[in-house]
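Data from upload.pdb: PDB, C-alpha atoms
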```pdb
MODEL        1
ATOM      1  CA  MET U   1    -109.694  23.167 -66.662  1.00  0.00           C
ATOM      2  CA  ARG U   2    -109.153  26.636 -68.090  1.00  0.00           C
ATOM      3  CA  CYS U   3    -106.876  25.505 -70.898  1.00  0.00           C
ATOM      4  CA  ASN U   4    -109.583  23.524 -72.720  1.00  0.00           C
ATOM      5  CA  ARG U   5    -112.932  24.916 -71.589  1.00  0.00           C
ATOM      6  CA  GLN U   6    -113.555  26.261 -75.112  1.00  0.00           C
ATOM      7  CA  THR U   7    -112.708  22.965 -76.866  1.00  0.00           C
ATOM      8  CA  ALA U   8    -115.190  20.666 -78.585  1.00  0.00           C
ATOM      9  CA  LEU U   9    -114.337  17.333 -80.242  1.00  0.00           C
ATOM     10  CA  ILE U  10    -116.585  16.280 -83.101  1.00  0.00           C
ATOM     11  CA  ASP U  11    -116.943  13.191 -85.256  1.00  0.00           C
ATOM     12  CA  SER U  12    -119.724  11.585 -87.271  1.00  0.00           C
ATOM     13  CA  GLU U  13    -121.371   9.947 -84.238  1.00  0.00           C
ATOM     14  CA  VAL U  14    -120.564  12.019 -81.144  1.00  0.00           C
ATOM     15  CA  VAL U  15    -119.468  15.447 -79.916  1.00  0.00           C
ATOM     16  CA  LEU U  16    -117.484  16.375 -76.793  1.00  0.00           C
ATOM     17  CA  VAL U  17    -117.904  19.803 -75.206  1.00  0.00           C
ATOM     18  CA  PRO U  18    -117.010  21.332 -71.825  1.00  0.00           C
ATOM     19  CA  TYR U  19    -119.169  20.429 -68.839  1.00  0.00           C
ATOM     20  CA  ARG U  20    -121.291  23.560 -68.415  1.00  0.00           C
ATOM     21  CA  LYS U  21    -124.058  24.821 -66.167  1.00  0.00           C
ATOM     22  CA  GLU U  22    -126.769  23.782 -68.617  1.00  0.00           C
ATOM     23  CA  HIS U  23    -125.683  20.132 -68.281  1.00  0.00           C
ATOM     24  CA  VAL U  24    -125.730  19.938 -64.490  1.00  0.00           C
ATOM     25  CA  ALA U  25    -129.433  19.315 -63.876  1.00  0.00           C
ATOM     26  CA  LYS U  26    -129.638  16.351 -66.249  1.00  0.00           C
ATOM     27  CA  TYR U  27    -126.420  14.863 -64.961  1.00  0.00           C
ATOM     28  CA  HIS U  28    -127.752  15.201 -61.441  1.00  0.00           C
ATOM     29  CA  ASP U  29    -130.933  13.367 -62.460  1.00  0.00           C
ATOM     30  CA  TRP U  30    -128.854  10.538 -63.923  1.00  0.00           C
ATOM     31  CA  MET U  31    -126.907  10.087 -60.732  1.00  0.00           C
ATOM     32  CA  GLN U  32    -130.040   9.520 -58.653  1.00  0.00           C
ATOM     33  CA  ASP U  33    -130.331   6.135 -60.402  1.00  0.00           C
ATOM     34  CA  PRO U  34    -129.043   3.349 -58.074  1.00  0.00           C
ATOM     35  CA  GLU U  35    -127.848   1.339 -61.095  1.00  0.00           C
ATOM     36  CA  LEU U  36    -125.623   4.181 -62.307  1.00  0.00           C
ATOM     37  CA  GLN U  37    -124.391   4.822 -58.783  1.00  0.00           C
ATOM     38  CA  GLU U  38    -123.319   1.185 -58.550  1.00  0.00           C
ATOM     39  CA  LEU U  39    -121.758   1.106 -62.014  1.00  0.00           C
ATOM     40  CA  THR U  40    -119.714   4.231 -61.311  1.00  0.00           C
ATOM     41  CA  ALA U  41    -119.012   3.516 -57.630  1.00  0.00           C
ATOM     42  CA  SER U  42    -120.412   6.972 -56.923  1.00  0.00           C
ATOM     43  CA  GLU U  43    -122.243   8.674 -54.114  1.00  0.00           C
ATOM     44  CA  PRO U  44    -124.961  11.101 -55.254  1.00  0.00           C
ATOM     45  CA  LEU U  45    -124.420  14.808 -54.717  1.00  0.00           C
ATOM     46  CA  THR U  46    -127.121  17.375 -54.051  1.00  0.00           C
ATOM     47  CA  LEU U  47    -127.990  19.632 -56.975  1.00  0.00           C
ATOM     48  CA  GLU U  48    -126.255  22.523 -55.223  1.00  0.00           C
ATOM     49  CA  GLU U  49    -123.098  20.442 -54.728  1.00  0.00           C
ATOM     50  CA  GLU U  50    -123.192  19.435 -58.386  1.00  0.00           C
ATOM     51  CA  TYR U  51    -123.308  23.088 -59.480  1.00  0.00           C
ATOM     52  CA  GLU U  52    -120.418  23.882 -57.144  1.00  0.00           C
ATOM     53  CA  MET U  53    -118.388  21.013 -58.605  1.00  0.00           C
ATOM     54  CA  GLN U  54    -119.113  22.146 -62.166  1.00  0.00           C
ATOM     55  CA  GLN U  55    -117.827  25.627 -61.365  1.00  0.00           C
ATOM     56  CA  LYS U  56    -114.701  24.147 -59.798  1.00  0.00           C
ATOM     57  CA  TRP U  57    -113.991  22.170 -62.969  1.00  0.00           C
ATOM     58  CA  GLN U  58    -114.427  25.277 -65.103  1.00  0.00           C
ATOM     59  CA  VAL U  59    -111.766  27.303 -63.316  1.00  0.00           C
ATOM     60  CA  ASP U  60    -109.551  24.834 -61.450  1.00  0.00           C
ATOM     61  CA  GLU U  61    -106.122  24.318 -62.978  1.00  0.00           C
ATOM     62  CA  ASP U  62    -106.123  20.798 -61.487  1.00  0.00           C
ATOM     63  CA  SER U  63    -109.193  19.704 -63.432  1.00  0.00           C
ATOM     64  CA  GLN U  64    -110.241  19.472 -67.060  1.00  0.00           C
ATOM     65  CA  SER U  65    -113.762  19.077 -68.337  1.00  0.00           C
ATOM     66  CA  LEU U  66    -115.370  18.509 -71.737  1.00  0.00           C
ATOM     67  CA  LEU U  67    -118.915  17.399 -72.481  1.00  0.00           C
ATOM     68  CA  PHE U  68    -119.797  14.755 -75.119  1.00  0.00           C
ATOM     69  CA  TYR U  69    -122.924  15.387 -77.138  1.00  0.00           C
ATOM     70  CA  GLU U  70    -123.505  11.656 -77.540  1.00  0.00           C
ATOM     71  CA  ALA U  71    -119.935  11.337 -76.550  1.00  0.00           C
ATOM     72  CA  ILE U  72    -119.468  10.919 -72.737  1.00  0.00           C
ATOM     73  CA  ILE U  73    -120.319  10.386 -69.044  1.00  0.00           C
ATOM     74  CA  ARG U  74    -118.793  11.703 -65.814  1.00  0.00           C
ATOM     75  CA  THR U  75    -118.267   9.963 -62.480  1.00  0.00           C
ATOM     76  CA  PRO U  76    -117.698  11.910 -59.274  1.00  0.00           C
ATOM     77  CA  THR U  77    -114.731   9.830 -58.169  1.00  0.00           C
ATOM     78  CA  ARG U  78    -112.194  12.356 -56.881  1.00  0.00           C
ATOM     79  CA  HIS U  79    -108.552  12.385 -57.862  1.00  0.00           C
ATOM     80  CA  SER U  80    -106.021  15.211 -58.093  1.00  0.00           C
ATOM     81  CA  THR U  81    -106.726  15.894 -61.757  1.00  0.00           C
ATOM     82  CA  GLU U  82    -109.507  14.740 -64.034  1.00  0.00           C
ATOM     83  CA  LEU U  83    -110.471  15.184 -67.658  1.00  0.00           C
ATOM     84  CA  THR U  84    -114.214  14.857 -68.217  1.00  0.00           C
ATOM     85  CA  PHE U  85    -116.435  14.822 -71.289  1.00  0.00           C
ATOM     86  CA  ILE U  86    -120.238  14.446 -71.332  1.00  0.00           C
ATOM     87  CA  VAL U  87    -121.708  12.375 -74.168  1.00  0.00           C
ATOM     88  CA  LEU U  88    -124.097  13.862 -76.746  1.00  0.00           C
ATOM     89  CA  SER U  89    -125.432  11.981 -79.746  1.00  0.00           C
ATOM     90  CA  ARG U  90    -125.501  13.493 -83.201  1.00  0.00           C
ATOM     91  CA  ASP U  91    -128.381  11.252 -84.291  1.00  0.00           C
ATOM     92  CA  GLY U  92    -127.579  12.066 -87.915  1.00  0.00           C
ATOM     93  CA  THR U  93    -127.564  15.820 -87.312  1.00  0.00           C
ATOM     94  CA  THR U  94    -125.491  17.816 -89.802  1.00  0.00           C
ATOM     95  CA  LEU U  95    -123.120  20.309 -88.189  1.00  0.00           C
ATOM     96  CA  SER U  96    -121.251  23.200 -89.804  1.00  0.00           C
ATOM     97  CA  ASP U  97    -117.470  23.454 -89.733  1.00  0.00           C
ATOM     98  CA  GLN U  98    -117.809  25.897 -86.848  1.00  0.00           C
ATOM     99  CA  PRO U  99    -120.957  24.929 -84.903  1.00  0.00           C
ATOM    100  CA  THR U 100    -122.442  27.363 -82.402  1.00  0.00           C
ATOM    101  CA  LEU U 101    -123.702  26.551 -78.917  1.00  0.00           C
ATOM    102  CA  ASP U 102    -127.227  26.645 -80.330  1.00  0.00           C
ATOM    103  CA  ASP U 103    -126.236  24.002 -82.906  1.00  0.00           C
ATOM    104  CA  LEU U 104    -124.794  21.757 -80.203  1.00  0.00           C
ATOM    105  CA  GLY U 105    -127.622  22.461 -77.777  1.00  0.00           C
ATOM    106  CA  VAL U 106    -130.146  20.442 -79.787  1.00  0.00           C
ATOM    107  CA  LEU U 107    -128.096  17.252 -79.516  1.00  0.00           C
ATOM    108  CA  PRO U 108    -129.252  14.720 -76.884  1.00  0.00           C
ATOM    109  CA  MET U 109    -127.001  14.326 -73.855  1.00  0.00           C
ATOM    110  CA  ILE U 110    -126.439  10.627 -73.193  1.00  0.00           C
ATOM    111  CA  GLY U 111    -123.461  10.040 -70.882  1.00  0.00           C
ATOM    112  CA  ASP U 112    -119.797  10.823 -70.135  1.00  0.00           C
ATOM    113  CA  VAL U 113    -116.187   9.627 -70.264  1.00  0.00           C
ATOM    114  CA  ASN U 114    -113.360  10.462 -67.908  1.00  0.00           C
ATOM    115  CA  LEU U 115    -109.667  10.269 -67.257  1.00  0.00           C
ATOM    116  CA  PHE U 116    -108.516  10.395 -63.626  1.00  0.00           C
ATOM    117  CA  PHE U 117    -104.861  11.301 -63.096  1.00  0.00           C
ATOM    118  CA  LYS U 118    -103.133   9.610 -60.174  1.00  0.00           C
ATOM    119  CA  GLY U 119     -99.861  11.199 -59.206  1.00  0.00           C
ATOM    120  CA  SER U 120     -97.426  13.204 -61.319  1.00  0.00           C
ATOM    121  CA  PRO U 121     -96.035  12.135 -64.719  1.00  0.00           C
ATOM    122  CA  SER U 122     -92.607  12.111 -63.075  1.00  0.00           C
ATOM    123  CA  ASP U 123     -93.734   9.509 -60.517  1.00  0.00           C
ATOM    124  CA  GLU U 124     -92.742   5.901 -61.126  1.00  0.00           C
ATOM    125  CA  ASP U 125     -96.298   4.725 -60.400  1.00  0.00           C
ATOM    126  CA  PHE U 126     -98.068   7.496 -62.383  1.00  0.00           C
ATOM    127  CA  GLU U 127    -101.271   6.249 -64.015  1.00  0.00           C
ATOM    128  CA  VAL U 128    -104.381   7.608 -65.677  1.00  0.00           C
ATOM    129  CA  GLU U 129    -107.616   5.679 -65.145  1.00  0.00           C
ATOM    130  CA  ALA U 130    -110.240   5.706 -67.893  1.00  0.00           C
ATOM    131  CA  GLU U 131    -113.980   5.343 -67.309  1.00  0.00           C
ATOM    132  CA  VAL U 132    -117.065   5.554 -69.498  1.00  0.00           C
ATOM    133  CA  MET U 133    -120.789   5.581 -68.782  1.00  0.00           C
ATOM    134  CA  ILE U 134    -123.721   5.730 -71.186  1.00  0.00           C
ATOM    135  CA  ALA U 135    -126.547   6.873 -68.945  1.00  0.00           C
ATOM    136  CA  GLU U 136    -129.391   6.875 -71.475  1.00  0.00           C
ATOM    137  CA  LYS U 137    -130.430   3.255 -71.968  1.00  0.00           C
ATOM    138  CA  ALA U 138    -131.745   3.843 -75.497  1.00  0.00           C
ATOM    139  CA  TYR U 139    -128.202   4.692 -76.597  1.00  0.00           C
ATOM    140  CA  ARG U 140    -126.449   1.665 -75.128  1.00  0.00           C
ATOM    141  CA  ARG U 141    -124.991  -1.165 -77.205  1.00  0.00           C
ATOM    142  CA  ARG U 142    -124.649   1.061 -80.263  1.00  0.00           C
ATOM    143  CA  GLY U 143    -120.885   1.424 -80.185  1.00  0.00           C
ATOM    144  CA  LEU U 144    -121.058   4.910 -78.714  1.00  0.00           C
ATOM    145  CA  ALA U 145    -119.027   4.103 -75.608  1.00  0.00           C
ATOM    146  CA  SER U 146    -116.193   2.930 -77.858  1.00  0.00           C
ATOM    147  CA  ARG U 147    -116.458   6.028 -80.026  1.00  0.00           C
ATOM    148  CA  ALA U 148    -116.432   8.338 -77.003  1.00  0.00           C
ATOM    149  CA  LEU U 149    -113.433   6.612 -75.487  1.00  0.00           C
ATOM    150  CA  GLN U 150    -111.491   6.750 -78.724  1.00  0.00           C
ATOM    151  CA  LEU U 151    -112.036  10.493 -79.054  1.00  0.00           C
ATOM    152  CA  LEU U 152    -111.020  11.036 -75.450  1.00  0.00           C
ATOM    153  CA  LEU U 153    -107.938   8.797 -75.559  1.00  0.00           C
ATOM    154  CA  SER U 154    -106.756  10.190 -78.891  1.00  0.00           C
ATOM    155  CA  TYR U 155    -107.128  13.748 -77.619  1.00  0.00           C
ATOM    156  CA  ALA U 156    -105.458  13.088 -74.269  1.00  0.00           C
ATOM    157  CA  THR U 157    -102.423  11.365 -75.794  1.00  0.00           C
ATOM    158  CA  THR U 158    -101.770  13.945 -78.525  1.00  0.00           C
ATOM    159  CA  CYS U 159    -102.905  17.342 -77.194  1.00  0.00           C
ATOM    160  CA  VAL U 160    -100.037  19.554 -76.037  1.00  0.00           C
ATOM    161  CA  ALA U 161    -101.642  21.401 -73.101  1.00  0.00           C
ATOM    162  CA  PRO U 162    -100.368  20.433 -69.634  1.00  0.00           C
ATOM    163  CA  PRO U 163    -101.001  17.973 -68.065  1.00  0.00           C
ATOM    164  CA  LEU U 164    -101.449  16.555 -71.569  1.00  0.00           C
ATOM    165  CA  PRO U 165    -100.262  14.666 -73.487  1.00  0.00           C
ATOM    166  CA  ILE U 166    -100.169  11.504 -71.417  1.00  0.00           C
ATOM    167  CA  PRO U 167     -98.188   8.366 -72.345  1.00  0.00           C
ATOM    168  CA  ARG U 168    -100.393   5.539 -73.556  1.00  0.00           C
ATOM    169  CA  ALA U 169     -98.530   3.122 -71.278  1.00  0.00           C
ATOM    170  CA  ALA U 170     -99.934   5.006 -68.240  1.00  0.00           C
ATOM    171  CA  LEU U 171    -103.560   4.179 -69.133  1.00  0.00           C
ATOM    172  CA  VAL U 172    -105.457   1.770 -66.884  1.00  0.00           C
ATOM    173  CA  VAL U 173    -109.075   0.703 -66.355  1.00  0.00           C
ATOM    174  CA  ARG U 174    -110.726  -1.125 -63.468  1.00  0.00           C
ATOM    175  CA  ILE U 175    -114.041  -2.882 -64.041  1.00  0.00           C
ATOM    176  CA  GLY U 176    -116.199  -5.461 -62.343  1.00  0.00           C
ATOM    177  CA  GLU U 177    -115.059  -9.001 -63.024  1.00  0.00           C
ATOM    178  CA  ALA U 178    -118.531  -9.942 -64.263  1.00  0.00           C
ATOM    179  CA  ASN U 179    -118.759  -6.971 -66.649  1.00  0.00           C
ATOM    180  CA  GLU U 180    -117.926  -8.859 -69.830  1.00  0.00           C
ATOM    181  CA  PRO U 181    -119.172  -6.143 -72.264  1.00  0.00           C
ATOM    182  CA  SER U 182    -116.794  -3.569 -70.742  1.00  0.00           C
ATOM    183  CA  ARG U 183    -113.926  -6.035 -70.794  1.00  0.00           C
ATOM    184  CA  LYS U 184    -114.454  -6.712 -74.502  1.00  0.00           C
ATOM    185  CA  LEU U 185    -114.784  -2.990 -75.187  1.00  0.00           C
ATOM    186  CA  PHE U 186    -111.418  -2.169 -73.651  1.00  0.00           C
ATOM    187  CA  GLU U 187    -109.742  -5.185 -75.230  1.00  0.00           C
ATOM    188  CA  LYS U 188    -110.693  -3.799 -78.650  1.00  0.00           C
ATOM    189  CA  LEU U 189    -109.122  -0.491 -77.651  1.00  0.00           C
ATOM    190  CA  GLY U 190    -105.789  -2.135 -76.860  1.00  0.00           C
ATOM    191  CA  PHE U 191    -106.081  -2.987 -73.160  1.00  0.00           C
ATOM    192  CA  GLU U 192    -105.146  -6.339 -71.602  1.00  0.00           C
ATOM    193  CA  VAL U 193    -106.004  -7.850 -68.221  1.00  0.00           C
ATOM    194  CA  THR U 194    -102.997  -7.424 -65.929  1.00  0.00           C
ATOM    195  CA  ARG U 195    -104.453  -8.114 -62.484  1.00  0.00           C
ATOM    196  CA  ARG U 196    -107.452  -9.531 -60.667  1.00  0.00           C
ATOM    197  CA  VAL U 197    -108.525  -8.053 -57.331  1.00  0.00           C
ATOM    198  CA  GLU U 198    -110.626 -10.734 -55.681  1.00  0.00           C
ATOM    199  CA  VAL U 199    -111.625  -8.648 -52.664  1.00  0.00           C
ATOM    200  CA  PHE U 200    -113.289  -6.078 -54.932  1.00  0.00           C
ATOM    201  CA  GLN U 201    -114.333  -8.614 -57.589  1.00  0.00           C
ATOM    202  CA  GLU U 202    -112.746  -6.496 -60.277  1.00  0.00           C
ATOM    203  CA  ILE U 203    -110.097  -6.744 -62.943  1.00  0.00           C
ATOM    204  CA  GLU U 204    -107.390  -4.264 -63.848  1.00  0.00           C
ATOM    205  CA  MET U 205    -106.572  -3.709 -67.509  1.00  0.00           C
ATOM    206  CA  ARG U 206    -103.654  -1.700 -68.897  1.00  0.00           C
ATOM    207  CA  PHE U 207    -102.927  -0.438 -72.385  1.00  0.00           C
ATOM    208  CA  ARG U 208    -100.497  -2.818 -74.069  1.00  0.00           C
ATOM    209  CA  ARG U 209    -101.149  -2.902 -77.838  1.00  0.00           C
ATOM    210  CA  GLU U 210     -99.204  -0.164 -79.579  1.00  0.00           C
ATOM    211  CA  ASP U 211    -100.601  -1.258 -82.953  1.00  0.00           C
ATOM    212  CA  VAL U 212    -104.073   0.027 -81.998  1.00  0.00           C
ATOM    213  CA  VAL U 213    -105.123   3.346 -83.575  1.00  0.00           C
ATOM    214  CA  TRP U 214    -107.955   5.353 -81.986  1.00  0.00           C
ATOM    215  CA  GLN U 215    -110.441   7.448 -83.947  1.00  0.00           C
ATOM    216  CA  ALA U 216    -109.651  11.152 -83.464  1.00  0.00           C
ATOM    217  CA  GLY U 217    -112.262  13.895 -83.335  1.00  0.00           C
ATOM    218  CA  ARG U 218    -112.274  17.221 -85.152  1.00  0.00           C
ATOM    219  CA  GLU U 219    -111.238  19.898 -82.677  1.00  0.00           C
ATOM    220  CA  VAL U 220    -113.149  23.188 -82.754  1.00  0.00           C
ATOM    221  CA  VAL U 221    -113.306  26.268 -80.525  1.00  0.00           C
ATOM    222  CA  ILE U 222    -116.656  27.141 -78.954  1.00  0.00           C
ATOM    223  CA  GLU U 223    -117.906  30.207 -77.108  1.00  0.00           C
ATOM    224  CA  PRO U 224    -116.747  30.541 -73.499  1.00  0.00           C
ATOM    225  CA  GLU U 225    -119.299  30.137 -70.748  1.00  0.00           C
ATOM    226  CA  LYS U 226    -120.264  33.548 -69.377  1.00  0.00           C
ATOM    227  CA  GLU U 227    -120.398  34.125 -65.655  1.00  0.00           C
ATOM    228  CA  GLY U 228    -123.969  33.694 -64.458  1.00  0.00           C
ATOM    229  CA  GLN U 229    -125.045  31.981 -67.707  1.00  0.00           C
ATOM    230  CA  SER U 230    -128.185  29.943 -67.045  1.00  0.00           C
ATOM    231  CA  GLY U 231    -127.713  27.272 -69.702  1.00  0.00           C
ATOM    232  CA  MET U 232    -129.183  26.249 -73.016  1.00  0.00           C
ATOM    233  CA  GLY U 233    -131.597  23.641 -71.752  1.00  0.00           C
ATOM    234  CA  VAL U 234    -130.056  20.551 -73.317  1.00  0.00           C
TER
ENDMDL
END
```

Spell out the structure here as structure tokens.
Amino acid sequence: MRCNRQTALIDSEVVLVPYRKEHVAKYHDWMQDPELQELTASEPLTLEEEYEMQQKWQVDEDSQSLLFYEAIIRTPTRHSTELTFIVLSRDGTTLSDQPTLDDLGVLPMIGDVNLFFKGSPSDEDFEVEAEVMIAEKAYRRRGLASRALQLLLSYATTCVAPPLPIPRAALVVRIGEANEPSRKLFEKLGFEVTRRVEVFQEIEMRFRREDVVWQAGREVVIEPEKEGQSGMGV
């Protein structure tokens, strides 16, 4: 989305930056993996379709996109509005108060996190579905999915840039019933099981614990992507 395509979110473990052309090829490679397709309930796109989708996210007022440098993962599930971050890992890298694209470009890209908006905030059944994927296996089970989600959720519930902020009570997740690690992850973030859908073998969890505080990232402005820019080869 135009309103936040120059926003990066930074903390000690991960960074979130807009989904840009230089990230498309690697993301496309990830989504050829049958395991990731199953985990994200996604159908693979061609590389050309992926580039087209990235451009749509950059300019479409109905879509928002940020990329996590060890901070996120995107799924191609389509809803009216979506907020996306791709995950990059800092791996102990020291960053300045105002990092450049070159500074961020050396960080490994490891996954993405998303919020999918369903309906309008004025609708009685308005909800925002959260998802996370760590695509690089070497970075799994290190707490990075939790960190990425916290940055995303904190940003989305406090940023004043329509369609943000969103009410925490509107947050929902849907995961496979057998996916115990994801269930425990979201429970720690304040979600509780509210429904079981036997036909899909999944559970629905909604945010319920107002005492939970999410880790916020440091918000910085980065250079805009220039038309025709080829990428920085992350």

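Counting only C-alpha atoms, the residue from U:Glu219, U:Glu127, U:Glu35, U:Glu13 that sits nearest to Val172 (chain U) is U:Glu127.
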
Exercise. When distances are computed from all atoms listed in the file, which of U:Phe191, U:Tyr19, U:Tyr27, U:Trp214 shows the smallest separation from Ala156 (chain U)?
Worked result: U:Trp214

For this session: Apply the PyMOL selection byres ((chain U and resi 115) around 7) to the structure shown and report the selected residues as number ranges by chain.
Result: U: 82-84, 114, 116-117, 128-131

Considering all atoms listed in the file, give me a table of residues in region 107-165 of chain U that are at most 12 Å from region 37-51 of chain U, with the closest atom pair and distance in Å for each, as a tab-separated table.
```
residue	atom	partner	partner_atom	distance
U:Gly111	CA	U:Thr40	CA	11.8
U:Asp112	CA	U:Thr40	CA	11.0
U:Val113	CA	U:Thr40	CA	11.0
U:Asn114	CA	U:Thr40	CA	11.1
U:Ala130	CA	U:Thr40	CA	11.6
U:Glu131	CA	U:Thr40	CA	8.4
U:Val132	CA	U:Thr40	CA	8.7
U:Met133	CA	U:Thr40	CA	7.7
U:Ile134	CA	U:Leu39	CA	10.5
U:Ala135	CA	U:Leu39	CA	10.2
```

For this session: Tell me which residues the PyMOL selection byres ((chain U and resi 209) around 9) grabs here, as a ChimeraX atom specification.
Result: /U:189-192,207-208,210-212

Expected file: the selected residues, C-alpha atoms, as a tab-separated table (two decimals), in the frame of the given file:
```
chain	number	residue	atom	x	y	z
U	189	LEU	CA	-109.12	-0.49	-77.65
U	190	GLY	CA	-105.79	-2.13	-76.86
U	191	PHE	CA	-106.08	-2.99	-73.16
U	192	GLU	CA	-105.15	-6.34	-71.60
U	207	PHE	CA	-102.93	-0.44	-72.39
U	208	ARG	CA	-100.50	-2.82	-74.07
U	210	GLU	CA	-99.20	-0.16	-79.58
U	211	ASP	CA	-100.60	-1.26	-82.95
U	212	VAL	CA	-104.07	0.03	-82.00
```

Exercise. Counting only C-alpha atoms, what is within 12 Å of Gly143 (chain U), bar same-chain residues fewer than 5 positions away, as a list in words?
Worked result: Glu13, Val14, Glu70, Ala71, Ser89, Ile134, Ala148, Leu149, Gln150, Pro181, Ser182, Lys184, Leu185 and Lys188 of chain U

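The spacing separating CA of Gly176 (chain U) from CA of Val213 (chain U) amounts to 25.5 Å.
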
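The coordinates place CA of Pro167 (chain U) at 12.7 Å from CA of Glu124 (chain U).
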
Resolved residues for the PyMOL selection byres ((chain U and resi 24) around 10) as a compact mmCIF listing (two decimals) with C-alpha atoms, in the frame of the given file:
```txt
# COMPACT_ATOMS: atom_id res chain seq x y z
CA TYR U 19 -119.17 20.43 -68.84
CA ARG U 20 -121.29 23.56 -68.42
CA LYS U 21 -124.06 24.82 -66.17
CA GLU U 22 -126.77 23.78 -68.62
CA HIS U 23 -125.68 20.13 -68.28
CA ALA U 25 -129.43 19.32 -63.88
CA LYS U 26 -129.64 16.35 -66.25
CA TYR U 27 -126.42 14.86 -64.96
CA HIS U 28 -127.75 15.20 -61.44
CA ASP U 29 -130.93 13.37 -62.46
CA TRP U 30 -128.85 10.54 -63.92
CA LEU U 47 -127.99 19.63 -56.98
CA GLU U 48 -126.26 22.52 -55.22
CA GLU U 50 -123.19 19.43 -58.39
CA TYR U 51 -123.31 23.09 -59.48
CA GLU U 52 -120.42 23.88 -57.14
CA MET U 53 -118.39 21.01 -58.60
CA GLN U 54 -119.11 22.15 -62.17
CA GLY U 231 -127.71 27.27 -69.70
CA VAL U 234 -130.06 20.55 -73.32
```

For this session: Grab the CA of Leu151 (chain U) to CA of Leu9 (chain U) distance for me, in Å with one decimal place.
Result: 7.3 Å
